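Trainee: I am sharing coords03.pdb, which consists of PDB, C-alpha atoms, pLDDT in the B column:
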```pdb
ATOM      1  CA  MET A1195       2.786  34.859   2.903  1.00 33.00           C
ATOM      2  CA  GLY A1196       1.607  31.266   3.293  1.00 34.00           C
ATOM      3  CA  ARG A1197      -1.333  29.587   1.579  1.00 33.00           C
ATOM      4  CA  PHE A1198      -4.602  29.309   3.397  1.00 30.00           C
ATOM      5  CA  PHE A1199      -7.340  26.736   3.116  1.00 33.00           C
ATOM      6  CA  ILE A1200     -10.966  26.931   4.164  1.00 31.00           C
ATOM      7  CA  TYR A1201     -11.950  23.941   6.260  1.00 32.00           C
ATOM      8  CA  THR A1202     -15.555  22.924   6.771  1.00 32.00           C
ATOM      9  CA  LEU A1203     -16.138  19.681   8.602  1.00 29.00           C
ATOM     10  CA  PHE A1204     -18.110  17.245   6.445  1.00 33.00           C
ATOM     11  CA  VAL A1205     -17.217  13.677   7.392  1.00 31.00           C
ATOM     12  CA  VAL A1206     -18.867  10.841   5.531  1.00 32.00           C
ATOM     13  CA  SER A1207     -18.504   7.205   6.451  1.00 30.00           C
ATOM     14  CA  ALA A1208     -16.356   5.358   3.962  1.00 30.00           C
ATOM     15  CA  VAL A1209     -17.304   2.550   1.646  1.00 29.00           C
ATOM     16  CA  THR A1210     -14.576   0.019   0.954  1.00 28.00           C
ATOM     17  CA  VAL A1211     -14.004  -0.864  -2.683  1.00 30.00           C
ATOM     18  CA  THR A1212     -11.717  -3.716  -3.612  1.00 33.00           C
ATOM     19  CA  THR A1213      -9.323  -2.593  -6.311  1.00 41.00           C
ATOM     20  CA  THR A1214      -7.093  -5.673  -6.252  1.00 46.00           C
ATOM     21  CA  GLN A1215      -9.875  -7.883  -7.561  1.00 49.00           C
ATOM     22  CA  PRO A1216      -8.675 -10.387 -10.212  1.00 54.00           C
ATOM     23  CA  PHE A1217      -9.599  -9.290 -13.734  1.00 53.00           C
ATOM     24  CA  GLN A1218     -11.616 -12.443 -14.428  1.00 56.00           C
ATOM     25  CA  THR A1219     -13.930 -11.871 -11.442  1.00 54.00           C
ATOM     26  CA  MET A1220     -14.605  -8.179 -12.068  1.00 68.00           C
ATOM     27  CA  SER A1221     -18.048  -7.142 -13.194  1.00 86.00           C
ATOM     28  CA  LYS A1222     -18.443  -6.862 -16.953  1.00 89.00           C
ATOM     29  CA  GLU A1223     -18.712  -3.060 -16.673  1.00 90.00           C
ATOM     30  CA  ARG A1224     -15.447  -2.794 -14.734  1.00 88.00           C
ATOM     31  CA  ARG A1225     -13.705  -5.087 -17.212  1.00 91.00           C
ATOM     32  CA  LEU A1226     -15.007  -2.981 -20.080  1.00 93.00           C
ATOM     33  CA  ALA A1227     -13.809   0.200 -18.367  1.00 90.00           C
ATOM     34  CA  TYR A1228     -10.330  -1.270 -18.060  1.00 90.00           C
ATOM     35  CA  LEU A1229     -10.269  -2.500 -21.659  1.00 94.00           C
ATOM     36  CA  LEU A1230     -11.403   0.879 -23.022  1.00 92.00           C
ATOM     37  CA  ARG A1231      -9.305   3.128 -20.755  1.00 85.00           C
ATOM     38  CA  HIS A1232      -6.086   1.342 -19.878  1.00 87.00           C
ATOM     39  CA  ASP A1233      -5.345  -1.587 -22.222  1.00 90.00           C
ATOM     40  CA  ALA A1234      -2.020  -0.484 -23.722  1.00 86.00           C
ATOM     41  CA  SER A1235      -1.779  -3.704 -25.757  1.00 91.00           C
ATOM     42  CA  TYR A1236      -4.690  -2.722 -28.022  1.00 91.00           C
ATOM     43  CA  PRO A1237      -4.082  -0.462 -31.069  1.00 92.00           C
ATOM     44  CA  PHE A1238      -6.723   2.212 -30.339  1.00 90.00           C
ATOM     45  CA  ASP A1239      -7.271   4.851 -33.000  1.00 88.00           C
ATOM     46  CA  GLU A1240      -6.444   8.459 -32.113  1.00 86.00           C
ATOM     47  CA  HIS A1241      -9.887   9.009 -30.565  1.00 86.00           C
ATOM     48  CA  GLY A1242      -9.898   5.935 -28.322  1.00 86.00           C
ATOM     49  CA  TRP A1243     -12.226   3.707 -30.334  1.00 92.00           C
ATOM     50  CA  ARG A1244     -12.023  -0.086 -30.006  1.00 94.00           C
ATOM     51  CA  THR A1245     -13.897  -2.474 -32.268  1.00 96.00           C
ATOM     52  CA  VAL A1246     -16.933  -4.207 -30.840  1.00 96.00           C
ATOM     53  CA  GLN A1247     -15.813  -7.340 -32.683  1.00 96.00           C
ATOM     54  CA  ASP A1248     -12.545  -7.433 -30.686  1.00 96.00           C
ATOM     55  CA  LEU A1249     -14.443  -7.356 -27.397  1.00 96.00           C
ATOM     56  CA  ILE A1250     -16.746 -10.138 -28.579  1.00 96.00           C
ATOM     57  CA  GLU A1251     -14.047 -12.388 -30.068  1.00 95.00           C
ATOM     58  CA  HIS A1252     -11.258 -11.906 -27.498  1.00 94.00           C
ATOM     59  CA  HIS A1253     -12.827 -10.764 -24.231  1.00 93.00           C
ATOM     60  CA  GLY A1254     -16.038 -12.754 -23.771  1.00 92.00           C
ATOM     61  CA  PHE A1255     -18.600  -9.999 -24.306  1.00 94.00           C
ATOM     62  CA  THR A1256     -21.749 -10.386 -26.353  1.00 95.00           C
ATOM     63  CA  LYS A1257     -23.220  -7.565 -28.416  1.00 95.00           C
ATOM     64  CA  GLU A1258     -26.259  -7.611 -26.123  1.00 95.00           C
ATOM     65  CA  GLU A1259     -24.068  -7.229 -23.018  1.00 94.00           C
ATOM     66  CA  LEU A1260     -22.249  -4.262 -24.552  1.00 95.00           C
ATOM     67  CA  ASP A1261     -25.571  -2.671 -25.548  1.00 94.00           C
ATOM     68  CA  ASP A1262     -26.828  -3.156 -21.989  1.00 93.00           C
ATOM     69  CA  ILE A1263     -23.683  -1.738 -20.348  1.00 93.00           C
ATOM     70  CA  VAL A1264     -23.698   1.359 -22.559  1.00 92.00           C
ATOM     71  CA  ALA A1265     -27.423   1.913 -21.991  1.00 91.00           C
ATOM     72  CA  THR A1266     -27.474   1.313 -18.225  1.00 89.00           C
ATOM     73  CA  SER A1267     -24.121   2.641 -16.966  1.00 82.00           C
ATOM     74  CA  ASN A1268     -25.218   5.138 -14.340  1.00 73.00           C
ATOM     75  CA  LYS A1269     -22.356   7.456 -15.262  1.00 73.00           C
ATOM     76  CA  GLN A1270     -22.795   7.024 -19.015  1.00 80.00           C
ATOM     77  CA  ARG A1271     -19.096   6.161 -19.245  1.00 84.00           C
ATOM     78  CA  PHE A1272     -19.223   4.556 -22.672  1.00 91.00           C
ATOM     79  CA  GLU A1273     -20.463   5.338 -26.160  1.00 89.00           C
ATOM     80  CA  PHE A1274     -20.820   3.571 -29.487  1.00 94.00           C
ATOM     81  CA  SER A1275     -19.794   5.026 -32.812  1.00 91.00           C
ATOM     82  CA  ASP A1276     -22.702   6.003 -35.064  1.00 91.00           C
ATOM     83  CA  ASP A1277     -22.536   2.642 -36.860  1.00 95.00           C
ATOM     84  CA  HIS A1278     -22.214   0.671 -33.559  1.00 94.00           C
ATOM     85  CA  GLN A1279     -19.080  -1.061 -34.853  1.00 96.00           C
ATOM     86  CA  ARG A1280     -16.794   0.700 -32.343  1.00 94.00           C
ATOM     87  CA  ILE A1281     -17.016   1.618 -28.665  1.00 95.00           C
ATOM     88  CA  ARG A1282     -15.007   3.895 -26.358  1.00 90.00           C
ATOM     89  CA  ALA A1283     -14.869   5.286 -22.844  1.00 87.00           C
ATOM     90  CA  ARG A1284     -15.769   8.963 -22.667  1.00 81.00           C
ATOM     91  CA  GLN A1285     -12.935   9.857 -20.267  1.00 75.00           C
ATOM     92  CA  GLY A1286     -10.558   8.379 -17.692  1.00 75.00           C
ATOM     93  CA  HIS A1287      -7.855   7.042 -20.001  1.00 75.00           C
ATOM     94  CA  SER A1288      -4.294   6.306 -18.997  1.00 77.00           C
ATOM     95  CA  ILE A1289      -3.476   5.634 -22.649  1.00 73.00           C
ATOM     96  CA  ASP A1290      -2.827   8.568 -24.973  1.00 73.00           C
ATOM     97  CA  VAL A1291      -6.047   9.186 -26.923  1.00 69.00           C
ATOM     98  CA  ASP A1292      -8.157  12.238 -27.733  1.00 72.00           C
ATOM     99  CA  VAL A1293     -11.803  11.549 -26.892  1.00 69.00           C
ATOM    100  CA  GLU A1294     -12.706  14.972 -28.250  1.00 69.00           C
ATOM    101  CA  PRO A1295     -14.126  16.687 -25.169  1.00 69.00           C
ATOM    102  CA  ASP A1296     -15.560  20.153 -25.730  1.00 72.00           C
ATOM    103  CA  GLU A1297     -13.467  23.075 -24.467  1.00 85.00           C
ATOM    104  CA  THR A1298     -15.930  24.962 -22.282  1.00 88.00           C
ATOM    105  CA  VAL A1299     -16.054  27.890 -19.870  1.00 94.00           C
ATOM    106  CA  PRO A1300     -16.644  26.315 -16.436  1.00 96.00           C
ATOM    107  CA  PRO A1301     -19.075  27.478 -13.761  1.00 96.00           C
ATOM    108  CA  GLU A1302     -17.789  29.376 -10.741  1.00 96.00           C
ATOM    109  CA  PHE A1303     -17.213  26.189  -8.733  1.00 97.00           C
ATOM    110  CA  LEU A1304     -16.666  22.517  -9.533  1.00 96.00           C
ATOM    111  CA  PHE A1305     -16.151  19.671  -7.059  1.00 96.00           C
ATOM    112  CA  HIS A1306     -13.873  16.676  -6.539  1.00 93.00           C
ATOM    113  CA  GLY A1307     -14.376  13.813  -4.090  1.00 92.00           C
ATOM    114  CA  THR A1308     -11.338  12.245  -2.433  1.00 91.00           C
ATOM    115  CA  VAL A1309     -10.364  10.815   0.967  1.00 90.00           C
ATOM    116  CA  ALA A1310      -8.711  12.446   3.957  1.00 90.00           C
ATOM    117  CA  ALA A1311      -5.494  10.456   3.452  1.00 91.00           C
ATOM    118  CA  ASN A1312      -4.838  12.456   0.242  1.00 90.00           C
ATOM    119  CA  ILE A1313      -5.276  15.922   1.746  1.00 92.00           C
ATOM    120  CA  GLN A1314      -1.658  16.697   2.692  1.00 93.00           C
ATOM    121  CA  SER A1315      -0.467  15.922  -0.825  1.00 93.00           C
ATOM    122  CA  ILE A1316      -3.315  17.980  -2.317  1.00 94.00           C
ATOM    123  CA  LYS A1317      -2.437  20.942  -0.073  1.00 93.00           C
ATOM    124  CA  GLU A1318       1.139  20.790  -1.335  1.00 94.00           C
ATOM    125  CA  GLN A1319       0.687  19.819  -4.983  1.00 94.00           C
ATOM    126  CA  GLY A1320      -2.972  20.382  -5.827  1.00 93.00           C
ATOM    127  CA  LEU A1321      -4.936  17.858  -7.851  1.00 92.00           C
ATOM    128  CA  ARG A1322      -2.755  16.148 -10.426  1.00 90.00           C
ATOM    129  CA  HIS A1323      -3.927  13.963 -13.273  1.00 84.00           C
ATOM    130  CA  MET A1324      -1.407  11.276 -12.275  1.00 81.00           C
ATOM    131  CA  SER A1325      -1.607   8.357 -14.761  1.00 73.00           C
ATOM    132  CA  ARG A1326      -4.757   9.705 -16.402  1.00 76.00           C
ATOM    133  CA  GLN A1327      -5.037  12.461 -18.977  1.00 78.00           C
ATOM    134  CA  PHE A1328      -7.131  14.803 -16.830  1.00 85.00           C
ATOM    135  CA  VAL A1329      -8.382  15.477 -13.334  1.00 92.00           C
ATOM    136  CA  HIS A1330     -12.121  14.690 -13.199  1.00 88.00           C
ATOM    137  CA  LEU A1331     -14.432  17.243 -11.602  1.00 94.00           C
ATOM    138  CA  SER A1332     -18.153  17.154 -10.854  1.00 92.00           C
ATOM    139  CA  SER A1333     -20.680  19.919 -11.265  1.00 92.00           C
ATOM    140  CA  ASP A1334     -22.313  19.152  -7.900  1.00 93.00           C
ATOM    141  CA  ARG A1335     -21.332  17.997  -4.412  1.00 93.00           C
ATOM    142  CA  THR A1336     -23.570  14.916  -4.530  1.00 91.00           C
ATOM    143  CA  THR A1337     -21.710  13.443  -7.489  1.00 88.00           C
ATOM    144  CA  ALA A1338     -18.345  14.339  -5.921  1.00 91.00           C
ATOM    145  CA  LEU A1339     -19.459  12.556  -2.745  1.00 90.00           C
ATOM    146  CA  GLN A1340     -20.320   9.429  -4.744  1.00 87.00           C
ATOM    147  CA  VAL A1341     -16.893   9.548  -6.400  1.00 82.00           C
ATOM    148  CA  GLY A1342     -15.143   9.952  -3.051  1.00 87.00           C
ATOM    149  CA  ARG A1343     -17.042   7.006  -1.564  1.00 88.00           C
ATOM    150  CA  ARG A1344     -15.379   4.661  -4.048  1.00 81.00           C
ATOM    151  CA  ARG A1345     -12.186   5.033  -2.030  1.00 79.00           C
ATOM    152  CA  LYS A1346     -11.401   3.692   1.440  1.00 83.00           C
ATOM    153  CA  GLY A1347     -11.416   6.379   4.121  1.00 82.00           C
ATOM    154  CA  ASP A1348     -13.285   9.497   5.211  1.00 87.00           C
ATOM    155  CA  VAL A1349     -14.571  11.407   2.207  1.00 90.00           C
ATOM    156  CA  VAL A1350     -13.489  14.991   1.618  1.00 90.00           C
ATOM    157  CA  ILE A1351     -15.227  17.197  -0.933  1.00 93.00           C
ATOM    158  CA  LEU A1352     -12.894  19.658  -2.632  1.00 94.00           C
ATOM    159  CA  THR A1353     -14.361  22.850  -4.046  1.00 96.00           C
ATOM    160  CA  VAL A1354     -12.421  24.010  -7.103  1.00 96.00           C
ATOM    161  CA  MET A1355     -12.585  27.689  -8.014  1.00 96.00           C
ATOM    162  CA  ALA A1356     -13.005  26.733 -11.641  1.00 96.00           C
ATOM    163  CA  HIS A1357     -14.017  30.048 -13.173  1.00 96.00           C
ATOM    164  CA  LYS A1358     -11.087  31.791 -11.485  1.00 96.00           C
ATOM    165  CA  MET A1359      -8.777  29.098 -12.879  1.00 96.00           C
ATOM    166  CA  TRP A1360     -10.248  29.621 -16.340  1.00 94.00           C
ATOM    167  CA  ASN A1361      -9.778  33.389 -16.019  1.00 95.00           C
ATOM    168  CA  ASP A1362      -6.145  32.683 -15.130  1.00 96.00           C
ATOM    169  CA  GLY A1363      -5.634  30.687 -18.346  1.00 94.00           C
ATOM    170  CA  HIS A1364      -6.429  27.064 -17.446  1.00 94.00           C
ATOM    171  CA  LEU A1365      -8.407  25.135 -20.052  1.00 91.00           C
ATOM    172  CA  PHE A1366     -11.524  23.197 -19.068  1.00 95.00           C
ATOM    173  CA  PHE A1367     -13.283  20.531 -21.081  1.00 90.00           C
ATOM    174  CA  LEU A1368     -16.707  18.972 -20.699  1.00 89.00           C
ATOM    175  CA  SER A1369     -17.039  15.320 -21.660  1.00 83.00           C
ATOM    176  CA  ARG A1370     -20.159  14.050 -23.362  1.00 77.00           C
ATOM    177  CA  ASN A1371     -21.438  12.570 -20.109  1.00 76.00           C
ATOM    178  CA  GLY A1372     -21.064  15.747 -18.076  1.00 83.00           C
ATOM    179  CA  VAL A1373     -17.706  15.130 -16.390  1.00 85.00           C
ATOM    180  CA  TRP A1374     -15.526  18.247 -16.251  1.00 93.00           C
ATOM    181  CA  LEU A1375     -11.875  17.732 -17.187  1.00 90.00           C
ATOM    182  CA  VAL A1376      -8.802  19.858 -16.486  1.00 94.00           C
ATOM    183  CA  LYS A1377      -5.110  18.958 -16.749  1.00 89.00           C
ATOM    184  CA  ASP A1378      -4.278  19.769 -13.105  1.00 94.00           C
ATOM    185  CA  VAL A1379      -5.637  21.970 -10.298  1.00 96.00           C
ATOM    186  CA  PRO A1380      -2.977  24.014  -8.446  1.00 96.00           C
ATOM    187  CA  PRO A1381      -3.546  24.163  -4.662  1.00 95.00           C
ATOM    188  CA  GLN A1382      -4.426  27.870  -4.579  1.00 96.00           C
ATOM    189  CA  TYR A1383      -7.696  27.089  -6.419  1.00 96.00           C
ATOM    190  CA  ILE A1384      -8.889  24.449  -3.926  1.00 95.00           C
ATOM    191  CA  LYS A1385     -11.121  24.777  -0.873  1.00 88.00           C
ATOM    192  CA  LEU A1386     -11.376  21.715   1.354  1.00 74.00           C
ATOM    193  CA  GLN A1387     -14.579  20.477   3.004  1.00 61.00           C
ATOM    194  CA  TYR A1388     -14.443  17.577   5.467  1.00 55.00           C
TER
END
```
Please, can you express the file's structure as structure tokens?
Mentor:
Amino acid sequence: MGRFFIYTLFVVSAVTVTTTQPFQTMSKERRLAYLLRHDASYPFDEHGWRTVQDLIEHHGFTKEELDDIVATSNKQRFEFSDDHQRIRARQGHSIDVDVEPDETVPPEFLFHGTVAANIQSIKEQGLRHMSRQFVHLSSDRTTALQVGRRRKGDVVILTVMAHKMWNDGHLFFLSRNGVWLVKDVPPQYIKLQY
């Protein structure tokens, strides 16, 4: 018996985001995100901490800029250590670190925003963490929509049957800024909404 998917039309006009932007011209927040999530040349500790001093001395940040980015990031992506000597991203790493998310029982449904061009692959393979450590899920459709709008194309909101996945043995984690994390989402747990 074949798989079935529930389709609800929900088309949202796309917002184009340039991802090939040269590193030097990126916003400070985007540069910081890269440096804390993907910079394989830096010797992060096991929990993904980078020294504030390194960012100041080698990457053109000031302490005030870092304070401002951490305080005003609308997704609360970053955090300081208790002594403010180190900083890290809360999730989204392609480097192997443990940012200590809390293993948590998920709600019945979680959501993921993507674009229509990815749907065939998702139907076949589900949501895969790809180069990151986890698939990121949102607790509401509005946030998933915002995530999907960062990509070029018509936005599709995926509904993940999270509690069923958890009952079937999949582990879920909740990051300190409210992003739900799971290793992968097999296709049988996904409902598509256009």
Trainee: Spell out the residues picked by the PyMOL selection byres ((chain A and resi 1271-1288) around 10) here, as a VMD selection string.
Mentor: chain A and resid 1223 1226 to 1234 1238 1241 to 1249 1257 1260 to 1261 1263 to 1270 1289 to 1295 1323 to 1330 1368 to 1375
Trainee: If the PyMOL selection byres ((chain A and resi 1300) around 7) is run on the structure shown, which residues does it catch, given as a PyMOL selection string?
Mentor: chain A and resi 1298-1299+1301-1302+1356-1357+1366
Trainee: Go ahead and dump the residues you just picked, C-alpha atoms, as a PDB file, in the coordinates of the input.
Mentor:
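File part.pdb, as written:
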```
ATOM      1  CA  THR A1298     -15.930  24.962 -22.282  1.00 88.00           C
ATOM      2  CA  VAL A1299     -16.054  27.890 -19.870  1.00 94.00           C
ATOM      3  CA  PRO A1301     -19.075  27.478 -13.761  1.00 96.00           C
ATOM      4  CA  GLU A1302     -17.789  29.376 -10.741  1.00 96.00           C
ATOM      5  CA  ALA A1356     -13.005  26.733 -11.641  1.00 96.00           C
ATOM      6  CA  HIS A1357     -14.017  30.048 -13.173  1.00 96.00           C
ATOM      7  CA  PHE A1366     -11.524  23.197 -19.068  1.00 95.00           C
TER       8      PHE A1366
END
```
Trainee: Looking at all atoms listed in the file, which of A:Lys1377, A:His1306, A:Arg1224, A:Arg1322 is the one that sits closest to Thr1337 (chain A)?
Mentor: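 Closest candidate: A:His1306.
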Trainee: Since I can't run it myself right now, could you work out what the PyMOL selection byres ((chain A and resi 1309) around 6) selects here and report it as a list in words?
Mentor: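 For this structure, the PyMOL selection byres ((chain A and resi 1309) around 6) resolves to Thr1308, Ala1310, Ala1311, Asn1312, Gly1347, Asp1348, Val1349 and Val1350 of chain A.
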Trainee: Restricted to C-alpha atoms, what would the selected residues look like written as a compact mmCIF listing (two decimals), in the frame of the given file?
Mentor:
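What ended up in result-v1.txt:
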```
# COMPACT_ATOMS: atom_id res chain seq x y z
CA THR A 1308 -11.34 12.24 -2.43
CA ALA A 1310 -8.71 12.45 3.96
CA ALA A 1311 -5.49 10.46 3.45
CA ASN A 1312 -4.84 12.46 0.24
CA GLY A 1347 -11.42 6.38 4.12
CA ASP A 1348 -13.28 9.50 5.21
CA VAL A 1349 -14.57 11.41 2.21
CA VAL A 1350 -13.49 14.99 1.62
```
Trainee: Just the number, please: distance in Å from CA of Ser1333 (chain A) to CA of Ile1313 (chain A), one decimal.
Mentor: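 One can read the CA of Ser1333 (chain A) to CA of Ile1313 (chain A) distance as 20.6 Å.
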Trainee: If I put a ball of radius 7 Å at (-11.4, 27.0, -5.1) in the file's coordinates, which residues poke into it when counting only C-alpha atoms, written as a ChimeraX atom specification?
Mentor: /A:1303,1353-1356,1383-1385
Trainee: From the options A:Gly1307, A:Met1359, A:Asp1378, A:Glu1318, which residue's atoms come nearest to Arg1345 (chain A), counting only C-alpha atoms?
Mentor: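 Ranked by minimum distance to Arg1345 (chain A), first place goes to A:Gly1307.
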Trainee: Mind pulling up the distance from CA of Arg1335 (chain A) to CA of Leu1365 (chain A)?
Mentor: 21.5 Å
Trainee: Report, in Å with one decimal, the straight-line distance from CA of Asp1334 (chain A) to CA of Phe1305 (chain A).
Mentor: 6.2 Å
